[in-house]
file entry.txt (compact mmCIF, C-alpha atoms and all ligand atoms)
# COMPACT_ATOMS: atom_id res chain seq x y z
CA MET A 3 23.01 83.50 161.07
CA THR A 4 23.42 83.31 157.29
CA ASP A 5 22.21 86.40 155.49
CA LEU A 6 20.79 84.85 152.34
CA ALA A 7 19.92 88.24 150.84
CA ASN A 8 23.63 88.99 150.68
CA HIS A 9 24.64 85.53 149.54
CA PRO A 10 26.19 85.80 146.06
CA GLY A 11 24.94 82.40 144.91
CA VAL A 12 21.30 83.23 145.61
CA HIS A 13 20.71 86.58 143.97
CA ALA A 14 23.58 86.84 141.53
CA PRO A 15 23.71 83.54 139.64
CA MET A 16 27.31 83.80 138.44
CA PHE A 17 27.65 80.10 137.77
CA ARG A 18 26.12 78.57 134.69
CA PRO A 19 25.34 74.87 135.16
CA GLY A 20 27.51 72.63 133.00
CA VAL A 21 30.37 75.09 132.52
CA TYR A 22 33.63 73.51 133.71
CA PRO A 23 35.11 75.71 136.48
CA SER A 24 38.79 75.61 135.44
CA ASP A 25 39.58 78.18 138.14
CA LEU A 26 38.98 75.47 140.74
CA THR A 27 41.97 73.46 139.51
CA THR A 28 44.79 73.78 141.98
CA ARG A 29 47.80 72.06 143.53
CA VAL A 30 47.63 70.93 147.13
CA THR A 31 50.52 69.98 149.40
CA THR A 32 50.07 67.54 152.27
CA GLU A 33 51.66 67.78 155.68
CA ARG A 34 54.29 65.30 154.51
CA GLY A 35 55.17 67.49 151.51
CA LEU A 36 53.42 65.51 148.80
CA THR A 37 52.16 67.86 146.06
CA LEU A 38 49.10 66.67 144.14
CA GLN A 39 46.66 68.11 141.64
CA MET A 40 43.08 68.81 142.72
CA ARG A 41 40.46 69.62 140.12
CA PRO A 42 36.73 69.28 139.43
CA ILE A 43 35.78 65.93 137.93
CA ARG A 44 34.98 65.57 134.21
CA PRO A 45 33.02 62.94 132.25
CA ASP A 46 36.28 61.67 130.72
CA ASP A 47 37.51 60.73 134.23
CA ALA A 48 35.29 57.61 134.15
CA ASP A 49 38.25 55.28 133.47
CA ILE A 50 40.47 56.62 136.27
CA LEU A 51 37.52 56.65 138.68
CA ASN A 52 36.78 53.05 137.76
CA GLN A 53 40.43 52.03 138.35
CA PHE A 54 40.48 53.93 141.66
CA HIS A 55 37.34 52.19 142.87
CA ALA A 56 38.47 48.71 141.81
CA GLN A 57 41.58 48.76 144.01
CA LEU A 58 40.03 50.19 147.20
CA SER A 59 39.80 48.00 150.28
CA PRO A 60 36.35 46.49 150.94
CA ASP A 61 36.31 48.43 154.22
CA SER A 62 36.77 51.81 152.52
CA VAL A 63 34.10 51.00 149.92
CA PHE A 64 31.71 49.86 152.66
CA ARG A 65 32.26 53.06 154.62
CA ARG A 66 31.45 55.16 151.57
CA TYR A 67 28.56 53.18 150.07
CA PHE A 68 27.22 51.37 153.17
CA SER A 69 27.23 48.15 151.16
CA VAL A 70 29.59 45.68 149.52
CA HIS A 71 30.18 47.39 146.21
CA PRO A 72 33.36 46.20 144.51
CA GLU A 73 32.55 47.59 141.07
CA LEU A 74 30.86 50.70 139.78
CA SER A 75 28.30 50.13 137.02
CA ALA A 76 28.49 52.05 133.75
CA SER A 77 25.55 54.21 134.79
CA GLU A 78 27.11 54.93 138.19
CA LEU A 79 30.32 56.02 136.46
CA VAL A 80 28.35 58.42 134.28
CA HIS A 81 26.42 59.75 137.28
CA LEU A 82 29.54 60.23 139.39
CA THR A 83 31.61 61.91 136.68
CA THR A 84 28.89 64.04 135.06
CA VAL A 85 28.09 66.92 137.39
CA ASP A 86 26.75 70.38 136.66
CA TYR A 87 29.39 72.19 138.84
CA VAL A 88 26.67 74.18 140.63
CA ASP A 89 24.21 71.81 142.31
CA ARG A 90 26.55 68.84 142.02
CA LEU A 91 30.30 69.15 142.20
CA ALA A 92 33.09 66.65 142.78
CA PHE A 93 36.79 67.28 143.29
CA ILE A 94 39.32 64.62 142.47
CA ILE A 95 42.93 64.49 143.64
CA ILE A 96 45.46 63.09 141.19
CA ASP A 97 48.95 61.75 141.77
CA ARG A 98 50.92 61.42 138.52
CA GLY A 99 47.80 60.59 136.49
CA VAL A 100 46.32 58.28 139.13
CA LEU A 101 43.13 59.26 140.93
CA VAL A 102 43.74 58.96 144.69
CA ALA A 103 40.77 60.74 146.30
CA VAL A 104 37.35 62.14 145.54
CA GLY A 105 35.02 64.40 147.48
CA ARG A 106 31.62 65.60 146.31
CA TYR A 107 28.53 67.52 147.21
CA ASP A 108 25.01 67.03 145.89
CA ARG A 109 22.47 69.73 146.62
CA ASP A 110 19.09 68.61 147.98
CA PRO A 111 16.75 69.97 145.27
CA GLN A 112 15.33 73.44 145.91
CA THR A 113 17.29 73.91 149.12
CA THR A 114 20.56 75.52 150.18
CA ARG A 115 21.66 72.22 151.73
CA ALA A 116 23.96 69.64 150.13
CA GLU A 117 25.09 66.16 151.08
CA VAL A 118 28.84 65.53 151.08
CA ALA A 119 30.74 62.26 150.61
CA PHE A 120 34.43 61.39 150.55
CA LEU A 121 36.61 58.50 149.46
CA VAL A 122 40.39 58.45 149.78
CA ASP A 123 42.65 55.67 148.48
CA ASP A 124 43.71 53.47 151.41
CA ALA A 125 47.39 54.25 150.81
CA PHE A 126 46.68 58.01 150.94
CA GLN A 127 44.46 58.10 154.03
CA HIS A 128 45.59 59.92 157.21
CA GLN A 129 47.59 62.50 155.25
CA GLY A 130 45.03 65.29 155.32
CA LEU A 131 43.44 64.77 151.89
CA GLY A 132 40.00 64.48 153.47
CA ILE A 133 40.28 67.88 155.12
CA LEU A 134 41.71 69.47 151.96
CA LEU A 135 38.75 68.16 149.97
CA LEU A 136 36.29 69.47 152.55
CA ASP A 137 37.91 72.94 152.55
CA HIS A 138 37.67 73.21 148.76
CA LEU A 139 34.16 71.77 148.57
CA ALA A 140 32.93 74.19 151.23
CA ASP A 141 34.42 77.21 149.43
CA ALA A 142 32.95 76.19 146.07
CA ALA A 143 29.56 75.30 147.54
CA TRP A 144 29.30 78.52 149.55
CA ALA A 145 30.03 80.56 146.41
CA ARG A 146 27.24 78.63 144.64
CA GLY A 147 24.55 79.43 147.19
CA ILE A 148 24.81 76.38 149.43
CA THR A 149 24.81 77.20 153.13
CA THR A 150 24.81 73.82 154.90
CA PHE A 151 26.55 70.50 154.44
CA VAL A 152 24.96 67.28 155.66
CA ALA A 153 26.45 63.79 155.77
CA GLU A 154 25.77 60.30 157.00
CA THR A 155 28.61 58.26 158.38
CA GLN A 156 28.96 55.01 160.28
CA ALA A 157 29.09 55.43 164.04
CA ASP A 158 32.70 54.20 164.29
CA ASN A 159 34.06 56.29 161.40
CA ARG A 160 36.49 58.33 163.48
CA SER A 161 38.46 59.56 160.47
CA MET A 162 35.39 61.08 158.85
CA MET A 163 34.31 62.74 162.09
CA HIS A 164 37.85 64.02 162.55
CA VAL A 165 37.69 65.65 159.11
CA PHE A 166 34.36 67.36 159.85
CA ARG A 167 35.59 68.68 163.20
CA GLU A 168 38.97 69.74 161.77
CA SER A 169 37.13 72.12 159.42
CA GLY A 170 36.42 74.53 162.29
CA PHE A 171 32.74 74.68 161.26
CA GLU A 172 30.16 74.20 163.98
CA VAL A 173 29.37 70.51 163.52
CA THR A 174 26.15 69.04 164.91
CA ALA A 175 25.99 65.26 165.08
CA ARG A 176 23.17 62.90 166.02
CA LEU A 177 23.31 59.11 166.31
CA GLU A 178 20.47 57.13 164.73
CA ASP A 179 20.57 53.35 164.19
CA GLU A 180 24.39 53.15 164.20
CA ILE A 181 24.61 56.04 161.73
CA ILE A 182 25.85 59.50 162.65
CA LEU A 183 23.86 62.24 160.95
CA VAL A 184 26.00 65.33 160.64
CA HIS A 185 25.18 68.86 159.59
CA PHE A 186 27.05 72.13 159.72
CA PRO A 187 26.85 75.62 158.25
CA ILE A 188 29.63 76.30 155.75
CA GLU A 189 29.63 80.07 155.97
CA PRO A 190 33.28 81.00 156.56
CA THR A 191 33.67 82.01 160.19
CA GLU A 192 36.50 83.31 162.29
CA SER A 193 36.84 79.81 163.71
CA SER A 194 37.01 78.07 160.31
CA ARG A 195 39.50 80.64 158.97
CA ALA A 196 41.62 80.36 162.10
CA ARG A 197 41.59 76.56 161.91
CA ARG A 198 42.77 76.61 158.29
CA ALA A 199 45.50 79.13 159.00
CA GLU A 200 46.66 77.15 162.03
CA ARG A 201 46.74 73.95 159.97
CA ALA A 202 48.68 75.61 157.15
CA ARG A 203 51.27 76.82 159.69
CA ARG A 204 51.46 73.41 161.38
CA TRP A 205 51.92 71.59 158.07
CA ALA A 206 54.54 74.07 156.87
CA THR A 207 56.47 73.57 160.13
CA SER A 208 56.30 69.78 159.71
CA ARG A 209 57.56 69.99 156.14
CA GLU A 210 60.44 72.25 157.13
CA ALA A 211 61.37 69.91 159.99
CA ALA A 212 61.34 66.95 157.58
CA LEU A 213 63.81 68.77 155.31
CA ARG A 214 66.31 69.48 158.11
C1 LIG A 301 37.13 59.20 155.99
C2 LIG A 301 38.20 59.64 154.98
C3 LIG A 301 37.52 60.33 153.82
C4 LIG A 301 39.14 60.61 155.69
O1 LIG A 301 40.10 61.04 154.75
P1 LIG A 301 41.64 61.21 155.16
O2 LIG A 301 42.31 61.81 154.02
O3 LIG A 301 42.15 59.91 155.67
O4 LIG A 301 41.44 62.24 156.34
P2 LIG A 301 42.56 63.07 157.10
O5 LIG A 301 43.90 62.55 156.81
O6 LIG A 301 42.27 64.51 156.81
O7 LIG A 301 42.20 62.78 158.61
C5 LIG A 301 41.88 61.47 159.04
C6 LIG A 301 42.81 60.96 160.13
O8 LIG A 301 44.15 61.10 159.73
C7 LIG A 301 44.89 61.73 160.79
N1 LIG A 301 45.93 62.49 160.12
C8 LIG A 301 45.80 63.56 159.33
N2 LIG A 301 47.01 63.96 158.92
C9 LIG A 301 47.91 63.10 159.45
C10 LIG A 301 49.30 62.96 159.38
N3 LIG A 301 50.06 63.79 158.68
N4 LIG A 301 49.90 61.94 160.04
C11 LIG A 301 49.17 61.06 160.74
N5 LIG A 301 47.82 61.14 160.84
C12 LIG A 301 47.22 62.14 160.20
C13 LIG A 301 43.91 62.57 161.46
O9 LIG A 301 44.31 62.89 162.77
C14 LIG A 301 42.75 61.65 161.44
O10 LIG A 301 42.98 60.70 162.45
P3 LIG A 301 41.88 59.72 163.01
O11 LIG A 301 41.46 58.86 161.87
O12 LIG A 301 42.59 58.98 164.07
O13 LIG A 301 40.80 60.60 163.53
C15 LIG A 301 39.04 58.42 154.48
O14 LIG A 301 39.58 57.77 155.57
C16 LIG A 301 38.23 57.46 153.64
O15 LIG A 301 38.13 57.62 152.44
N6 LIG A 301 37.63 56.43 154.28
C17 LIG A 301 36.85 55.46 153.56
C18 LIG A 301 35.56 56.05 153.02
C19 LIG A 301 34.77 56.81 154.06
O16 LIG A 301 34.81 56.51 155.23
N7 LIG A 301 34.03 57.82 153.61
C20 LIG A 301 33.23 58.59 154.49
C21 LIG A 301 31.77 58.36 154.26
S1 LIG A 301 31.08 59.80 153.53
call {"tool": "encode", "arguments": {"input": "entry.txt", "output": "structure tokens"}}
result
Amino acid sequence: MTDLANHPGVHAPMFRPGVYPSDLTTRVTTERGLTLQMRPIRPDDADILNQFHAQLSPDSVFRRYFSVHPELSASELVHLTTVDYVDRLAFIIIDRGVLVAVGRYDRDPQTTRAEVAFLVDDAFQHQGLGILLLDHLADAAWARGITTFVAETQADNRSMMHVFRESGFEVTARLEDEIILVHFPIEPTESSRARRAERARRWATSREAALR
């Protein structure tokens, strides 16, 4: 059970909305040894987000937006790139200046619950970027007083469900009208820590084997 009284984000508001959290900028390495930059999104990322969106497959866009949505409007670009880094936060992953993945959370107002959403470039899917985004989002959200992630995903979205389960958090899923409604507590647990450590070891072993 989450002890909210001891949760840093609730009683010790260390995070001022609107202040860019540079400390969340990091480099991530995939199982295949690809090293990429991950950082919180900024308003001046509108152009690279627009380019990213424009070249996604219709299937990926449909899975993210539940509709045919080939272009983002100017107001959507502002909404998606302007976040306050406390109640709304998005991480982008960049490969040599090109945006290749984005993951975000949006807090439900006045709650400790936030909705998460992910979109990975088709050419970069199945390389672990989804799970890396979820790990970093969960850490940042937990530090900011969020205790639960919720998501809606299409019933046949195996990749998304894989990512949620790979986190090691206790995922609860319910099917409603062809949509899976997912929720899980993001308090770090022995299981989530163990899963991350096991994955880090597995990926390191794969990278070493690839070098031999
Ligand atoms: C769903 C999505 C975010 C997952 O991101 P991802 O980066 O592909 O996720 P991961 O690589 O961490 O894991 C997904 C799959 O890749 C596999 N995988 C991970 N690393 C792998 C590797 N090194 N080699 C081969 N497969 C790998 C996983 O086993 C998993 O397999 P599955 O799809 O058969 O279950 C991505 O596919 C996507 O953007 N889809 C379109 C939009 C969408 O569905 N958004 C979700 C709605 S919120």
call {"tool": "closest_residue", "arguments": {"input": "entry.txt", "among": "A:Asp97, A:Glu200, A:Glu172, A:Asp61", "to": "ligand LIG 301 (chain A)", "atoms": "all atoms listed in the file"}}
result
A:Asp61
call {"tool": "residues_near_ligand", "arguments": {"input": "entry.txt", "ligand": "ligand LIG 301 (chain A)", "cutoff": "9 Å", "atoms": "only C-alpha atoms and all ligand atoms", "output": "ChimeraX atom specification"}}
result
/A:32-34,58-59,61-68,103-105,118-124,126-136,153-156,159-166,168,205,208
call {"tool": "residues_around", "arguments": {"input": "entry.txt", "residues": "Ile43 of chain A", "least_positions_apart": "6", "cutoff": "8 Å", "atoms": "all atoms listed in the file", "output": "list of chain:residue names"}}
result
A:Thr83, A:Thr84, A:Val85, A:Leu91, A:Ala92, A:Phe93, A:Ile94
call {"tool": "residues_around", "arguments": {"input": "entry.txt", "residues": "Pro72 of chain A", "least_positions_apart": "5", "cutoff": "8 Å", "atoms": "only C-alpha atoms", "output": "PDB file with C-alpha atoms, keeping the file's coordinate frame"}}
result
ATOM      1  CA  HIS A  55      37.340  52.190 142.870  1.00  0.00           C
ATOM      2  CA  ALA A  56      38.470  48.710 141.810  1.00  0.00           C
ATOM      3  CA  PRO A  60      36.350  46.490 150.940  1.00  0.00           C
ATOM      4  CA  VAL A  63      34.100  51.000 149.920  1.00  0.00           C
TER       5      VAL A  63
END
call {"tool": "residues_near_point", "arguments": {"input": "entry.txt", "point": "(31.9, 76.6, 148.0)", "cutoff": "10 Å", "atoms": "only C-alpha atoms", "output": "count of residues only"}}
result
21
call {"tool": "residues_around", "arguments": {"input": "entry.txt", "residues": "Arg41 of chain A", "least_positions_apart": "2", "cutoff": "9 Å", "atoms": "only C-alpha atoms", "output": "VMD selection string"}}
result
chain A and resid 23 to 29 39 43 92 to 96
call {"tool": "closest_residue", "arguments": {"input": "entry.txt", "among": "A:Ala196, A:Ala157, A:Leu101, A:Leu213", "to": "Asp179 of chain A", "atoms": "only C-alpha atoms"}}
result
A:Ala157
call {"tool": "atom_distance", "arguments": {"input": "entry.txt", "atom1": "atom CA of Thr114 of chain A", "atom2": "atom CA of Phe171 of chain A"}}
result
16.5 Å
call {"tool": "atom_distance", "arguments": {"input": "entry.txt", "atom1": "atom CA of Arg167 of chain A", "atom2": "atom CA of Arg209 of chain A"}}
result
23.1 Å
call {"tool": "atom_distance", "arguments": {"input": "entry.txt", "atom1": "atom CA of Ala48 of chain A", "atom2": "atom CA of Met16 of chain A"}}
result
27.7 Å
call {"tool": "closest_residue", "arguments": {"input": "entry.txt", "among": "A:Val21, A:Leu36, A:Leu82, A:Val173", "to": "Ala206 of chain A", "atoms": "only C-alpha atoms"}}
result
A:Leu36
call {"tool": "residues_around", "arguments": {"input": "entry.txt", "residues": "Ala116 of chain A", "least_positions_apart": "6", "cutoff": "7 Å", "atoms": "only C-alpha atoms", "output": "JSON, numbers by chain"}}
result
{"A": [107, 108, 109, 110, 148, 150, 151, 152]}
call {"tool": "closest_residue", "arguments": {"input": "entry.txt", "among": "A:Gly99, A:Glu210, A:Glu117, A:Pro45", "to": "Leu183 of chain A", "atoms": "only C-alpha atoms"}}
result
A:Glu117
call {"tool": "decode", "arguments": {"input": "entry.txt", "residues": "segment 77-99 of chain A", "atoms": "N, CA and C atoms", "output": "mmCIF file, in the first residue's frame"}}
result
data_model
loop_
_atom_site.group_PDB
_atom_site.id
_atom_site.type_symbol
_atom_site.label_atom_id
_atom_site.label_comp_id
_atom_site.auth_asym_id
_atom_site.auth_seq_id
_atom_site.Cartn_x
_atom_site.Cartn_y
_atom_site.Cartn_z
ATOM 1 N N SER A 77 -2.315 23.475 -32.978
ATOM 2 C CA SER A 77 -2.652 23.515 -31.546
ATOM 3 C C SER A 77 -2.281 22.195 -30.864
ATOM 4 N N GLU A 78 -2.389 21.084 -31.582
ATOM 5 C CA GLU A 78 -1.955 19.803 -30.992
ATOM 6 C C GLU A 78 -0.441 19.822 -30.741
ATOM 7 N N LEU A 79 0.295 20.391 -31.690
ATOM 8 C CA LEU A 79 1.758 20.441 -31.513
ATOM 9 C C LEU A 79 2.118 21.261 -30.275
ATOM 10 N N VAL A 80 1.401 22.369 -30.089
ATOM 11 C CA VAL A 80 1.675 23.191 -28.893
ATOM 12 C C VAL A 80 1.317 22.388 -27.640
ATOM 13 N N HIS A 81 0.159 21.746 -27.663
ATOM 14 C CA HIS A 81 -0.289 20.986 -26.485
ATOM 15 C C HIS A 81 0.698 19.852 -26.145
ATOM 16 N N LEU A 82 1.170 19.170 -27.180
ATOM 17 C CA LEU A 82 2.021 17.997 -26.944
ATOM 18 C C LEU A 82 3.444 18.378 -26.531
ATOM 19 N N THR A 83 3.885 19.568 -26.944
ATOM 20 C CA THR A 83 5.271 19.946 -26.634
ATOM 21 C C THR A 83 5.377 20.882 -25.430
ATOM 22 N N THR A 84 4.237 21.484 -25.029
ATOM 23 C CA THR A 84 4.265 22.395 -23.884
ATOM 24 C C THR A 84 3.682 21.669 -22.678
ATOM 25 N N VAL A 85 4.558 21.236 -21.794
ATOM 26 C CA VAL A 85 4.122 20.493 -20.607
ATOM 27 C C VAL A 85 4.683 21.222 -19.388
ATOM 28 N N ASP A 86 4.126 20.933 -18.226
ATOM 29 C CA ASP A 86 4.622 21.681 -17.052
ATOM 30 C C ASP A 86 5.685 20.895 -16.266
ATOM 31 N N TYR A 87 5.995 19.664 -16.703
ATOM 32 C CA TYR A 87 7.045 18.814 -16.111
ATOM 33 C C TYR A 87 6.695 18.322 -14.703
ATOM 34 N N VAL A 88 5.458 18.566 -14.264
ATOM 35 C CA VAL A 88 5.021 18.022 -12.975
ATOM 36 C C VAL A 88 3.746 17.185 -13.209
ATOM 37 N N ASP A 89 2.681 17.877 -13.654
ATOM 38 C CA ASP A 89 1.425 17.165 -13.910
ATOM 39 C C ASP A 89 1.373 16.591 -15.322
ATOM 40 N N ARG A 90 2.176 17.165 -16.192
ATOM 41 C CA ARG A 90 2.290 16.634 -17.566
ATOM 42 C C ARG A 90 3.767 16.587 -17.914
ATOM 43 N N LEU A 91 4.194 15.426 -18.373
ATOM 44 C CA LEU A 91 5.614 15.277 -18.715
ATOM 45 C C LEU A 91 5.728 14.321 -19.897
ATOM 46 N N ALA A 92 6.552 14.690 -20.865
ATOM 47 C CA ALA A 92 6.808 13.785 -21.993
ATOM 48 C C ALA A 92 8.302 13.639 -22.168
ATOM 49 N N PHE A 93 8.735 12.404 -22.404
ATOM 50 C CA PHE A 93 10.126 12.137 -22.780
ATOM 51 C C PHE A 93 10.170 11.878 -24.276
ATOM 52 N N ILE A 94 11.208 12.431 -24.922
ATOM 53 C CA ILE A 94 11.437 12.060 -26.312
ATOM 54 C C ILE A 94 12.780 11.339 -26.389
ATOM 55 N N ILE A 95 12.895 10.471 -27.403
ATOM 56 C CA ILE A 95 14.168 9.797 -27.667
ATOM 57 C C ILE A 95 14.634 10.264 -29.041
ATOM 58 N N ILE A 96 15.912 10.643 -29.094
ATOM 59 C CA ILE A 96 16.455 11.279 -30.291
ATOM 60 C C ILE A 96 17.649 10.485 -30.811
ATOM 61 N N ASP A 97 17.620 10.247 -32.116
ATOM 62 C CA ASP A 97 18.747 9.593 -32.781
ATOM 63 C C ASP A 97 19.348 10.589 -33.769
ATOM 64 N N ARG A 98 20.518 11.082 -33.478
ATOM 65 C CA ARG A 98 21.226 12.041 -34.343
ATOM 66 C C ARG A 98 20.304 13.168 -34.817
ATOM 67 N N GLY A 99 19.615 13.795 -33.872
ATOM 68 C CA GLY A 99 18.757 14.940 -34.187
ATOM 69 C C GLY A 99 17.349 14.578 -34.631
#
